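Student: One file: coords05.cif (mmCIF, C-alpha atoms).
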```cif
data_structure
loop_
_atom_site.label_atom_id
_atom_site.label_comp_id
_atom_site.auth_asym_id
_atom_site.auth_seq_id
_atom_site.Cartn_x
_atom_site.Cartn_y
_atom_site.Cartn_z
CA MET F 1 0.00 0.00 0.00
CA SER F 2 1.35 3.43 -0.93
CA ASP F 3 1.42 6.38 1.47
CA GLY F 4 0.79 8.56 -1.56
CA TRP F 5 1.91 12.18 -1.60
CA THR F 6 4.31 13.84 0.86
CA ARG F 7 3.39 17.12 2.59
CA GLU F 8 5.35 19.01 -0.06
CA GLN F 9 3.65 17.12 -2.89
CA MET F 10 0.22 17.83 -1.39
CA ALA F 11 1.07 21.53 -1.25
CA ALA F 12 2.42 21.46 -4.80
CA ARG F 13 -0.73 19.69 -6.02
CA ALA F 14 -2.94 22.32 -4.34
CA ALA F 15 -0.90 25.12 -5.94
CA GLN F 16 -1.73 23.64 -9.37
CA ASP F 17 -5.41 24.45 -8.75
CA ILE F 18 -4.89 28.13 -7.93
CA PRO F 19 -5.32 30.38 -11.00
CA ASP F 20 -2.72 32.95 -12.02
CA GLY F 21 -3.26 36.34 -10.39
CA SER F 22 -5.18 34.98 -7.40
CA TYR F 23 -5.24 36.71 -4.03
CA VAL F 24 -4.52 33.86 -1.63
CA ASN F 25 -4.69 33.35 2.13
CA LEU F 26 -2.71 30.41 3.49
CA GLY F 27 -3.41 28.80 6.86
CA ILE F 28 -0.73 27.66 9.28
CA GLY F 29 1.06 24.32 8.74
CA ILE F 30 1.05 22.41 5.43
CA PRO F 31 -0.90 25.23 3.68
CA GLU F 32 2.10 27.55 4.23
CA LEU F 33 4.14 25.23 1.96
CA VAL F 34 1.93 26.15 -1.02
CA ALA F 35 3.96 29.36 -1.42
CA GLN F 36 7.02 27.27 -2.27
CA PHE F 37 5.31 25.58 -5.23
CA VAL F 38 3.82 28.33 -7.34
CA PRO F 39 3.59 26.88 -10.86
CA GLU F 40 5.87 28.36 -13.51
CA GLY F 41 4.38 31.45 -15.14
CA ARG F 42 1.83 32.18 -12.38
CA GLU F 43 1.82 34.84 -9.68
CA PHE F 44 -0.17 34.66 -6.43
CA ILE F 45 -0.47 37.59 -4.03
CA TYR F 46 -0.54 36.52 -0.40
CA HIS F 47 -2.83 38.11 2.15
CA THR F 48 -2.19 37.95 5.87
CA GLU F 49 -5.05 38.77 8.25
CA ASN F 50 -3.01 41.13 10.39
CA GLY F 51 -2.84 43.65 7.59
CA MET F 52 -0.72 43.01 4.51
CA LEU F 53 -1.04 42.05 0.86
CA GLY F 54 2.17 41.03 -0.88
CA MET F 55 3.63 38.99 1.95
CA GLY F 56 7.02 37.48 1.18
CA PRO F 57 9.08 34.63 2.66
CA PRO F 58 10.65 34.73 6.15
CA PRO F 59 13.70 37.02 6.46
CA ALA F 60 17.20 36.04 7.54
CA ALA F 61 17.44 36.34 11.34
CA GLU F 62 19.57 39.48 11.17
CA GLU F 63 17.14 41.17 8.75
CA ARG F 64 13.93 40.61 10.67
CA ASP F 65 11.72 43.61 11.35
CA LEU F 66 9.88 43.43 14.68
CA ASP F 67 6.89 45.26 13.18
CA LEU F 68 6.52 42.86 10.23
CA MET F 69 4.70 39.67 11.19
CA ASN F 70 2.16 37.32 9.65
CA ALA F 71 -1.07 36.06 11.18
CA GLY F 72 0.84 33.13 12.71
CA LYS F 73 3.00 35.77 14.49
CA LYS F 74 6.07 34.73 12.55
CA TYR F 75 8.43 37.31 11.07
CA VAL F 76 7.95 37.76 7.32
CA THR F 77 8.98 40.14 4.54
CA ALA F 78 7.06 42.50 2.27
CA LEU F 79 7.52 42.05 -1.49
CA PRO F 80 7.77 45.03 -3.87
CA GLY F 81 4.18 46.24 -4.35
CA ALA F 82 3.05 45.16 -0.89
CA ALA F 83 0.36 47.13 0.97
CA TYR F 84 -0.38 47.54 4.68
CA PHE F 85 -3.86 48.18 6.08
CA HIS F 86 -5.81 47.95 9.33
CA HIS F 87 -7.80 44.97 10.54
CA ALA F 88 -11.23 46.11 9.34
CA ASP F 89 -9.89 46.58 5.80
CA SER F 90 -8.12 43.23 6.05
CA PHE F 91 -11.31 41.42 6.99
CA SER F 92 -13.31 43.40 4.44
CA MET F 93 -11.06 41.70 1.89
CA ILE F 94 -12.04 38.35 3.43
CA ARG F 95 -15.69 38.93 4.30
CA GLY F 96 -16.36 41.03 1.22
CA GLY F 97 -15.34 38.16 -1.06
CA HIS F 98 -12.18 39.78 -2.44
CA ILE F 99 -9.77 36.97 -1.50
CA ASP F 100 -9.98 34.30 -4.22
CA VAL F 101 -8.62 31.21 -2.50
CA CYS F 102 -8.02 30.19 1.09
CA VAL F 103 -6.04 27.04 1.88
CA LEU F 104 -6.59 25.65 5.36
CA GLY F 105 -5.54 22.73 7.49
CA THR F 106 -8.23 20.87 9.39
CA MET F 107 -9.14 18.35 12.04
CA GLN F 108 -12.25 17.14 10.19
CA VAL F 109 -14.21 17.83 7.00
CA ALA F 110 -17.72 16.50 6.34
CA SER F 111 -19.10 15.26 3.03
CA ASN F 112 -21.39 18.32 2.81
CA GLY F 113 -18.40 20.70 3.12
CA ASP F 114 -18.64 21.41 6.86
CA ILE F 115 -15.25 22.06 8.42
CA ALA F 116 -14.02 21.70 12.02
CA ASN F 117 -10.56 23.14 12.53
CA TRP F 118 -10.62 25.48 15.53
CA SER F 119 -11.38 23.54 18.71
CA THR F 120 -11.43 19.98 19.99
CA GLY F 121 -14.28 20.97 22.29
CA ALA F 122 -12.43 19.29 25.20
CA PRO F 123 -13.61 20.67 28.58
CA ASP F 124 -10.19 22.12 29.50
CA ALA F 125 -9.43 23.43 25.98
CA ILE F 126 -9.09 27.19 25.72
CA PRO F 127 -11.23 28.23 22.74
CA ALA F 128 -9.20 30.22 20.20
CA VAL F 129 -10.84 30.94 16.86
CA GLY F 130 -8.72 33.67 15.26
CA GLY F 131 -9.87 34.45 11.72
CA ALA F 132 -10.92 30.91 10.74
CA MET F 133 -14.69 31.48 10.88
CA ASP F 134 -14.42 34.70 8.86
CA LEU F 135 -12.26 33.04 6.20
CA VAL F 136 -14.53 30.03 5.61
CA GLN F 137 -17.61 32.24 5.24
CA GLY F 138 -16.08 34.98 3.14
CA VAL F 139 -13.69 33.31 0.69
CA GLU F 140 -15.28 31.68 -2.34
CA HIS F 141 -12.84 28.79 -2.79
CA ILE F 142 -12.00 27.06 0.48
CA TYR F 143 -9.35 24.40 -0.12
CA VAL F 144 -8.25 22.03 2.60
CA ILE F 145 -4.89 20.28 2.82
CA THR F 146 -4.78 17.43 5.30
CA GLN F 147 -3.53 13.92 5.89
CA HIS F 148 -6.32 11.54 4.90
CA THR F 149 -6.40 10.04 8.40
CA THR F 150 -5.33 11.02 11.92
CA LYS F 151 -2.17 9.68 13.58
CA HIS F 152 -4.40 6.94 15.00
CA GLY F 153 -5.71 6.02 11.54
CA ASP F 154 -9.17 7.55 12.00
CA PRO F 155 -10.71 9.20 8.93
CA LYS F 156 -10.53 13.02 8.79
CA LEU F 157 -12.98 13.06 5.87
CA VAL F 158 -16.18 12.09 7.65
CA GLU F 159 -19.95 11.97 7.16
CA GLU F 160 -20.54 14.52 9.91
CA CYS F 161 -17.97 16.41 12.01
CA THR F 162 -17.79 15.46 15.68
CA TYR F 163 -15.59 18.43 16.63
CA PRO F 164 -17.14 21.93 16.95
CA LEU F 165 -17.75 23.41 13.49
CA THR F 166 -15.86 26.34 12.01
CA GLY F 167 -18.32 26.71 9.15
CA VAL F 168 -21.19 24.92 7.41
CA GLY F 169 -20.97 23.65 3.83
CA VAL F 170 -17.99 25.80 2.87
CA VAL F 171 -15.20 23.46 1.67
CA SER F 172 -14.95 22.90 -2.07
CA ARG F 173 -11.82 20.76 -2.55
CA ILE F 174 -9.60 18.61 -0.31
CA PHE F 175 -5.97 17.68 -0.99
CA THR F 176 -4.84 14.66 1.07
CA ASN F 177 -1.82 12.39 0.91
CA LEU F 178 -3.99 9.83 -0.92
CA ALA F 179 -6.17 11.85 -3.29
CA VAL F 180 -7.70 15.10 -4.43
CA VAL F 181 -11.36 15.01 -3.40
CA ASP F 182 -14.20 17.36 -4.31
CA VAL F 183 -17.20 18.11 -2.15
CA THR F 184 -20.20 17.81 -4.50
CA PRO F 185 -23.97 17.87 -3.96
CA ASP F 186 -23.70 14.05 -4.07
CA GLY F 187 -20.96 13.95 -1.42
CA TYR F 188 -17.26 13.22 -1.86
CA ARG F 189 -15.93 12.57 -5.34
CA VAL F 190 -12.34 11.60 -6.18
CA VAL F 191 -10.72 14.00 -8.66
CA GLU F 192 -7.31 12.36 -8.73
CA LEU F 193 -5.53 9.52 -6.92
CA ALA F 194 -1.94 9.82 -5.67
CA PRO F 195 0.50 7.52 -7.48
CA GLY F 196 0.18 3.92 -6.27
CA VAL F 197 -3.04 4.59 -4.35
CA THR F 198 -6.22 2.71 -5.29
CA PHE F 199 -9.79 3.97 -5.13
CA GLU F 200 -10.61 1.10 -2.76
CA GLU F 201 -7.91 2.27 -0.33
CA VAL F 202 -9.29 5.81 -0.39
CA GLN F 203 -12.83 4.55 0.21
CA GLU F 204 -11.64 2.38 3.10
CA LYS F 205 -9.91 5.34 4.78
CA THR F 206 -12.79 7.79 4.23
CA GLY F 207 -15.55 8.03 6.82
CA ALA F 208 -18.34 8.55 4.27
CA PRO F 209 -19.29 7.19 0.84
CA ILE F 210 -17.03 8.50 -1.91
CA LEU F 211 -17.60 8.50 -5.65
CA PRO F 212 -14.89 7.48 -8.12
CA ALA F 213 -13.43 9.95 -10.61
CA ASP F 214 -15.50 10.39 -13.76
CA MET E 1 -3.32 76.13 19.95
CA ILE E 2 -4.47 72.56 20.43
CA ASN E 3 -1.70 70.37 21.78
CA LYS E 4 -2.57 66.84 22.93
CA GLN E 5 0.91 66.00 24.17
CA VAL E 6 1.21 64.84 27.78
CA PRO E 7 4.61 64.64 29.48
CA SER E 8 4.69 61.00 30.63
CA VAL E 9 3.00 57.63 30.26
CA ALA E 10 2.07 57.79 33.97
CA GLU E 11 0.17 61.05 33.46
CA ALA E 12 -1.36 59.72 30.23
CA VAL E 13 -3.12 56.82 31.99
CA ALA E 14 -3.64 58.41 35.43
CA ASP E 15 -7.46 58.68 35.22
CA ILE E 16 -8.24 55.09 34.16
CA PRO E 17 -10.59 53.91 36.91
CA ASP E 18 -11.39 50.47 38.28
CA GLY E 19 -13.97 48.71 36.10
CA ALA E 20 -13.02 50.52 32.89
CA THR E 21 -13.17 48.89 29.45
CA VAL E 22 -9.78 49.31 27.80
CA MET E 23 -8.95 48.50 24.19
CA ILE E 24 -5.26 47.72 23.70
CA GLY E 25 -3.79 47.86 20.19
CA GLY E 26 -1.44 45.24 18.81
CA PHE E 27 -1.52 41.80 17.26
CA GLY E 28 0.68 39.58 19.36
CA ALA E 29 3.88 41.52 19.92
CA SER E 30 3.60 43.84 16.93
CA GLY E 31 2.05 47.18 17.81
CA SER E 32 1.68 46.40 21.50
CA PRO E 33 1.96 49.65 23.56
CA ILE E 34 4.16 48.10 26.24
CA GLU E 35 5.09 51.38 28.00
CA LEU E 36 1.43 52.44 28.36
CA ILE E 37 0.44 48.95 29.60
CA HIS E 38 3.23 49.01 32.17
CA ALA E 39 2.05 52.46 33.30
CA LEU E 40 -1.42 50.95 33.77
CA ILE E 41 0.15 48.20 35.89
CA ASP E 42 1.88 50.88 37.99
CA LEU E 43 -1.47 52.69 38.36
CA GLY E 44 -3.13 49.49 39.58
CA ALA E 45 -6.66 49.98 38.18
CA LYS E 46 -8.62 46.74 38.71
CA ASP E 47 -11.65 44.85 37.36
CA LEU E 48 -10.80 45.97 33.84
CA THR E 49 -12.39 44.58 30.70
CA VAL E 50 -9.64 44.41 28.09
CA VAL E 51 -10.13 44.13 24.33
CA ASN E 52 -7.14 42.80 22.37
CA ASN E 53 -6.74 40.10 19.72
CA ASN E 54 -4.71 37.97 22.13
CA THR E 55 -3.84 37.72 25.83
CA GLY E 56 -0.15 38.61 25.79
CA ASN E 57 3.02 36.58 25.99
CA GLY E 58 5.55 35.82 28.69
CA GLU E 59 5.20 37.99 31.81
CA VAL E 60 5.43 41.47 30.30
CA GLY E 61 2.91 43.85 28.72
CA LEU E 62 -0.67 42.55 28.48
CA ALA E 63 0.24 39.20 30.06
CA ALA E 64 1.71 41.06 33.04
CA LEU E 65 -1.44 43.22 33.37
CA ILE E 66 -3.52 40.02 33.45
CA GLY E 67 -1.04 38.31 35.76
CA ASN E 68 -1.24 41.28 38.15
CA GLY E 69 -4.92 40.48 38.68
CA GLN E 70 -6.18 43.71 37.10
CA VAL E 71 -8.28 42.14 34.34
CA ALA E 72 -11.71 40.69 35.09
CA LYS E 73 -12.63 39.93 31.49
CA MET E 74 -10.85 39.51 28.15
CA ILE E 75 -12.56 40.04 24.80
CA CYS E 76 -10.35 38.49 22.12
CA SER E 77 -10.15 36.12 19.15
CA PHE E 78 -7.14 34.00 20.03
CA PRO E 79 -6.35 33.78 23.76
CA ARG E 80 -3.50 31.29 23.58
CA SER E 81 -0.13 31.06 21.89
CA SER E 82 3.09 29.16 22.33
CA GLN E 83 4.30 31.71 24.88
CA SER E 84 1.08 32.65 26.69
CA LYS E 85 1.11 31.10 30.15
CA VAL E 86 -0.57 33.68 32.36
CA PHE E 87 -4.05 33.73 30.81
CA PRO E 88 -4.49 29.93 30.41
CA LYS E 89 -3.66 29.43 34.10
CA LEU E 90 -6.17 32.04 35.34
CA TYR E 91 -8.81 30.90 32.85
CA ARG E 92 -8.59 27.26 33.92
CA ALA E 93 -8.80 28.40 37.56
CA GLY E 94 -12.01 30.31 36.73
CA GLU E 95 -10.43 33.61 37.75
CA ILE E 96 -10.91 35.48 34.47
CA GLU E 97 -13.85 35.74 32.10
CA LEU E 98 -13.42 35.20 28.35
CA GLU E 99 -15.55 36.42 25.46
CA ILE E 100 -14.28 34.75 22.32
CA VAL E 101 -14.97 36.69 19.10
CA PRO E 102 -13.88 35.76 15.55
CA GLN E 103 -11.11 38.10 14.43
CA GLY E 104 -13.06 39.74 11.60
CA THR E 105 -16.14 40.17 13.77
CA LEU E 106 -13.95 41.67 16.50
CA ALA E 107 -12.46 44.18 14.05
CA GLU E 108 -15.88 45.04 12.61
CA ARG E 109 -17.51 45.39 16.05
CA ILE E 110 -14.80 47.86 17.05
CA ARG E 111 -15.14 49.71 13.73
CA ALA E 112 -18.93 49.82 14.20
CA GLY E 113 -18.45 51.22 17.70
CA GLY E 114 -16.32 54.01 16.32
CA ALA E 115 -18.62 54.62 13.37
CA GLY E 116 -21.88 54.77 15.35
CA ILE E 117 -23.32 51.58 13.80
CA LEU E 118 -25.21 49.90 16.61
CA ALA E 119 -25.10 46.38 15.16
CA PHE E 120 -24.56 44.51 11.91
CA TYR E 121 -25.31 41.12 10.37
CA THR E 122 -22.60 38.70 9.29
CA PRO E 123 -22.57 35.07 8.12
CA THR E 124 -19.46 34.45 10.27
CA THR E 125 -20.26 31.87 13.03
CA VAL E 126 -23.54 30.69 11.44
CA GLY E 127 -24.01 27.02 12.39
CA THR E 128 -21.28 27.12 15.06
CA VAL E 129 -21.33 27.25 18.86
CA LEU E 130 -20.20 30.89 18.70
CA SER E 131 -23.59 31.90 17.29
CA GLU E 132 -25.56 30.33 20.14
CA GLY E 133 -27.88 32.78 21.88
CA LYS E 134 -27.44 35.45 19.21
CA GLU E 135 -30.18 36.90 17.04
CA GLN E 136 -30.19 35.36 13.56
CA ARG E 137 -31.98 36.54 10.47
CA GLU E 138 -32.22 35.45 6.87
CA PHE E 139 -31.44 37.82 4.02
CA ASN E 140 -31.86 36.59 0.43
CA GLY E 141 -32.12 33.03 1.69
CA ARG E 142 -28.87 33.07 3.65
CA PRO E 143 -28.67 33.12 7.47
CA TYR E 144 -26.79 35.89 9.27
CA VAL E 145 -25.85 36.52 12.90
CA MET E 146 -26.36 39.92 14.52
CA GLU E 147 -23.29 41.34 16.22
CA PRO E 148 -23.34 44.49 18.38
CA TRP E 149 -20.83 47.32 18.28
CA LEU E 150 -17.96 47.35 20.73
CA LYS E 151 -16.92 50.56 22.48
CA ALA E 152 -14.45 51.35 25.23
CA ASP E 153 -13.72 53.94 27.86
CA PHE E 154 -10.03 54.07 26.93
CA ALA E 155 -7.75 52.85 24.16
CA LEU E 156 -4.00 52.35 24.58
CA ILE E 157 -2.27 52.63 21.22
CA LYS E 158 1.27 52.56 19.84
CA CYS E 159 2.19 54.39 16.65
CA GLU E 160 5.31 55.35 14.75
CA VAL E 161 4.87 59.05 14.01
CA ALA E 162 2.39 61.59 15.40
CA ASP E 163 1.85 65.31 15.58
CA PRO E 164 0.48 67.41 18.48
CA LEU E 165 -3.04 67.27 16.99
CA GLY E 166 -3.06 63.47 17.29
CA ASN E 167 -2.66 62.67 13.61
CA LEU E 168 -0.97 59.26 13.44
CA SER E 169 0.86 56.93 11.12
CA TYR E 170 1.98 53.42 11.98
CA ASN E 171 4.76 51.03 10.99
CA LYS E 172 4.00 47.98 8.78
CA THR E 173 1.84 45.30 10.42
CA ALA E 174 2.06 47.07 13.80
CA ARG E 175 -1.03 48.99 12.56
CA ASN E 176 -3.54 46.08 12.88
CA PHE E 177 -6.48 46.97 15.24
CA SER E 178 -5.12 50.35 16.37
CA PRO E 179 -6.88 52.73 13.92
CA LEU E 180 -10.23 51.06 14.77
CA MET E 181 -9.65 51.25 18.52
CA CYS E 182 -8.74 54.95 18.26
CA MET E 183 -12.26 55.49 16.87
CA ALA E 184 -14.12 53.30 19.38
CA ALA E 185 -12.79 54.66 22.69
CA LYS E 186 -14.03 57.72 24.58
CA THR E 187 -10.42 58.56 25.49
CA THR E 188 -7.66 57.41 23.16
CA ILE E 189 -4.13 57.49 24.56
CA VAL E 190 -1.27 57.06 22.09
CA GLN E 191 2.43 56.47 22.58
CA THR E 192 4.46 57.54 19.58
CA LYS E 193 8.04 56.81 18.67
CA GLN E 194 8.38 60.19 17.04
CA LEU E 195 6.46 63.41 17.68
CA LEU E 196 6.68 65.90 14.83
CA ASN E 197 5.64 69.53 14.78
CA ARG E 198 2.21 70.47 13.47
CA GLY E 199 2.36 70.14 9.69
CA GLY E 200 5.18 67.62 9.87
CA LEU E 201 3.00 64.76 8.67
CA ASP E 202 1.94 64.65 5.01
CA PRO E 203 -1.90 64.87 5.12
CA GLU E 204 -2.02 62.16 2.42
CA CYS E 205 -0.17 59.74 4.70
CA ILE E 206 -2.14 60.17 7.92
CA VAL E 207 -3.77 56.84 8.84
CA THR E 208 -5.59 57.99 11.98
CA PRO E 209 -6.87 61.58 11.86
CA GLY E 210 -6.37 63.46 15.13
CA ILE E 211 -10.09 63.77 15.83
CA PHE E 212 -9.93 60.18 17.13
CA VAL E 213 -7.02 60.85 19.51
CA ASN E 214 -7.04 62.56 22.90
CA ARG E 215 -3.54 62.21 24.36
CA ILE E 216 -0.09 61.77 22.84
CA VAL E 217 3.01 60.78 24.75
CA GLU E 218 6.40 60.48 23.13
CA VAL E 219 8.25 57.20 23.80
CA PRO E 220 11.28 57.57 21.53
CA ASP E 221 12.80 54.12 22.06
CA PRO E 222 9.92 51.73 22.82
CA VAL E 223 10.68 48.22 24.04
CA HIS E 224 9.37 45.26 22.04
CA GLU E 225 7.62 42.35 23.72
CA ASP E 226 9.65 39.71 21.88
CA ASN E 227 12.94 41.31 22.99
CA LEU E 228 11.77 41.54 26.62
CA ILE E 229 10.74 37.88 26.60
CA ALA E 230 14.01 36.81 24.93
CA ALA E 231 15.88 38.68 27.70
CA GLY E 232 13.84 36.85 30.36
CA ARG E 233 12.27 40.09 31.65
CA THR E 234 9.13 40.26 33.76
CA TYR E 235 7.00 43.19 34.94
CA PRO E 236 6.64 44.78 37.45
#
```
What do you get writing this file as structure tokens?

Tutor:
Amino acid sequence: MSDGWTREQMAARAAQDIPDGSYVNLGIGIPELVAQFVPEGREFIYHTENGMLGMGPPPAAEERDLDLMNAGKKYVTALPGAAYFHHADSFSMIRGGHIDVCVLGTMQVASNGDIANWSTGAPDAIPAVGGAMDLVQGVEHIYVITQHTTKHGDPKLVEECTYPLTGVGVVSRIFTNLAVVDVTPDGYRVVELAPGVTFEEVQEKTGAPILPAD
Amino acid sequence: MINKQVPSVAEAVADIPDGATVMIGGFGASGSPIELIHALIDLGAKDLTVVNNNTGNGEVGLAALIGNGQVAKMICSFPRSSQSKVFPKLYRAGEIELEIVPQGTLAERIRAGGAGILAFYTPTTVGTVLSEGKEQREFNGRPYVMEPWLKADFALIKCEVADPLGNLSYNKTARNFSPLMCMAAKTTIVQTKQLLNRGGLDPECIVTPGIFVNRIVEVPDPVHEDNLIAAGRTYP
């Protein structure tokens, strides 16, 4: 049985589905890797919630600017043509539908496009939502990059989320280590299998019925 | 001639009473008005409601204000981070109240407070636990949640350059919530790295017009939270 795509290959595969000229918001974790795999001939402009368009890669330690951070509170750079703005403008870009694509990590996705990626709901967990609920409601194309199963082998693509929801019916496409999967009115549908991965393996590791590629 | 400059951070915050609602600018470490927060710790005002995106890091700035027992309630979007220890401990002990607000809704509620918009409808949080108990209404077949404005008695703000009228400009992503908070507070107190003469700021480059600012104090060499934490500093 193949493990399919690596984290980098998942990110590179997701980048293939982002059109040239898109304004893109990347979540923390594997989604951040997407910026390293922009297809030849395309340009994406990265938005960070704390007030910048045109975010660039992390700086060398000696060149970091203490007033230049991303939403994950990591030091970043500003590319030529970057713009700074306050938080209400930043979330107007999100909530007003101006950001084209958002790529997020997740704990669970449901076959109707529900996403749960902000809280385990555990009694001692400190709830921390950040901008996740604004992003999933405001951005037209919500892509998810995730391992197909948890460390314990439980499906992350499920019939119905058991963790507290971030948003209802918002995810359009999922990039896992095993496959690219669309959320359709008929539920999950495989778009593409990773090399060496069979449809049967994907079905077995998915917590809801899944349709084969056309 | 109007001149909003005050001589020290201590004098700038001196009238913040117990029970006040205080908005504090900054997103994590960037834009956090550490000197004004430390002056508020020195003042000792208690039972504060504090609005900030986070809950501070280490044991300086906002985390130190919380750790000093001065904050009864936090209104924020993301109350934990790799270096926030003070808030989680008090929260788990039931000693501090938390109102969790999605980041965009938090920004818009503050903007609405400053703009005189009593409430607005947003699809953010529809179908989630964060919409429970809130008024919902359908527009064009889509459900929305009503969110009220957010106002404050005081705002503590850090900027890069100011003039004596309170016109402000910021530095890079240190801007974040600050221009909104300047609008939403009855009394806005700003620490600036540089104070220019009247006319020194290009009117085209003013981010916060002085009408939203009440007090300016010059702090020419402000400390940065990350540097304080790296040096192992605590406050007081």

Student: Pull out every residue of chain F that has at least one atom within 8 Å of chain E, counting only C-alpha atoms, and report them as a count of residues only.

Tutor: 32

Student: List the residues selected by the PyMOL selection byres ((chain E and resi 146-154) around 10) in the file shown, writing them as a PyMOL selection string.

Tutor: chain E and resi 13+15-17+19-24+49-51+75+101+105-124+131+134-137+144-145+155-157+181-189+214

Student: Which residue is closest to Ile216 of chain E? Choose from E:Gln191, E:Ser82, E:Asn57, E:Asn52 and count all atoms listed in the file.

Tutor: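 The closest residue to Ile216 of chain E is E:Gln191.
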
Student: Name all residues at most 12 Å from Tyr23 of chain F (count only C-alpha atoms; drop same-chain ones fewer than 4 positions away) and give them as a list in words.

Tutor: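 Within the cut-off, the hits are Ile18, Pro19, Arg42, Glu43, Phe44, Ile45, Tyr46, His47, Thr48, Met52, Leu53, Gly54, Met55, Met93, Ile94, Gly97, His98, Ile99, Asp100, Val101, Cys102, Val103, Val139, Glu140 and His141 of chain F.
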
Student: Next, dump the selected residues to file, keeping only C-alpha atoms, as a tab-separated table (two decimals), in the coordinates of the input.

Tutor:
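Wrote it out as selection.tsv, contents follow:
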```
chain	number	residue	atom	x	y	z
F	18	ILE	CA	-4.89	28.13	-7.93
F	19	PRO	CA	-5.32	30.38	-11.00
F	42	ARG	CA	1.83	32.18	-12.38
F	43	GLU	CA	1.82	34.84	-9.68
F	44	PHE	CA	-0.17	34.66	-6.43
F	45	ILE	CA	-0.47	37.59	-4.03
F	46	TYR	CA	-0.54	36.52	-0.40
F	47	HIS	CA	-2.83	38.11	2.15
F	48	THR	CA	-2.19	37.95	5.87
F	52	MET	CA	-0.72	43.01	4.51
F	53	LEU	CA	-1.04	42.05	0.86
F	54	GLY	CA	2.17	41.03	-0.88
F	55	MET	CA	3.63	38.99	1.95
F	93	MET	CA	-11.06	41.70	1.89
F	94	ILE	CA	-12.04	38.35	3.43
F	97	GLY	CA	-15.34	38.16	-1.06
F	98	HIS	CA	-12.18	39.78	-2.44
F	99	ILE	CA	-9.77	36.97	-1.50
F	100	ASP	CA	-9.98	34.30	-4.22
F	101	VAL	CA	-8.62	31.21	-2.50
F	102	CYS	CA	-8.02	30.19	1.09
F	103	VAL	CA	-6.04	27.04	1.88
F	139	VAL	CA	-13.69	33.31	0.69
F	140	GLU	CA	-15.28	31.68	-2.34
F	141	HIS	CA	-12.84	28.79	-2.79
```

Student: Check the smallest atom-to-atom distance from each of E:Leu168, E:Val60, E:Val6, E:Val161 to Ala230 of chain E using all atoms listed in the file, then report the winner.

Tutor: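 The closest residue to Ala230 of chain E is E:Val60.
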
Student: So the first atom is atom CA of Phe175 of chain F and the second is atom CA of Ser92 of chain F; what is the distance between them in Å, to one decimal place?

Tutor: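 Taking atom CA of Phe175 of chain F and atom CA of Ser92 of chain F, their separation equals 27.3 Å.
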
Student: Any idea what's packed within 7 Å of Arg189 of chain F, counting all atoms listed in the file, ignoring anything in its chain fewer than 3 positions away? Could you give it as a list in words?

Tutor: Val181, Asp182, Val183, Thr184, Ile210, Leu211, Pro212 and Ala213 of chain F

Student: With the file shown as input, list the residues that the PyMOL selection byres ((chain F and resi 59) around 6) selects, as a list in words.

Tutor: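 Selection result, ordered by chain and number: Pro58, Ala60, Glu63, Arg64, Val76 and Thr77 of chain F.
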
Student: If you apply the PyMOL selection byres ((chain E and resi 211) around 9) to this file, what residues do you get, as number ranges by chain?

Tutor: E: 165-167, 183, 208-210, 212-214

Student: Selection from above, C-alpha atoms, as a PDB file, in the frame of the given file, can you write it?

Tutor:
```pdb
ATOM      1  CA  LEU E 165      -3.040  67.270  16.990  1.00  0.00           C
ATOM      2  CA  GLY E 166      -3.060  63.470  17.290  1.00  0.00           C
ATOM      3  CA  ASN E 167      -2.660  62.670  13.610  1.00  0.00           C
ATOM      4  CA  MET E 183     -12.260  55.490  16.870  1.00  0.00           C
ATOM      5  CA  THR E 208      -5.590  57.990  11.980  1.00  0.00           C
ATOM      6  CA  PRO E 209      -6.870  61.580  11.860  1.00  0.00           C
ATOM      7  CA  GLY E 210      -6.370  63.460  15.130  1.00  0.00           C
ATOM      8  CA  PHE E 212      -9.930  60.180  17.130  1.00  0.00           C
ATOM      9  CA  VAL E 213      -7.020  60.850  19.510  1.00  0.00           C
ATOM     10  CA  ASN E 214      -7.040  62.560  22.900  1.00  0.00           C
TER      11      ASN E 214
END
```

Student: From the options E:Leu228, E:Ala14, E:Met74, E:Ile206, which residue's atoms come nearest to Ala162 of chain E, counting only C-alpha atoms?

Tutor: E:Ile206

Student: Measuring atom to atom with only C-alpha atoms, identify which of F:Asp3, F:Glu40, F:Asp65, F:Asp214 is nearest to Ala15 of chain F.

Tutor: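 That would be F:Glu40, the residue with the smallest distance to Ala15 of chain F.
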
Student: Compare F:Gly72, F:Gly105, F:Gly187, F:Pro57 by their minimum atom-to-atom distance to Met10 of chain F, counting all atoms listed in the file, and give me the closest one.

Tutor: F:Gly105
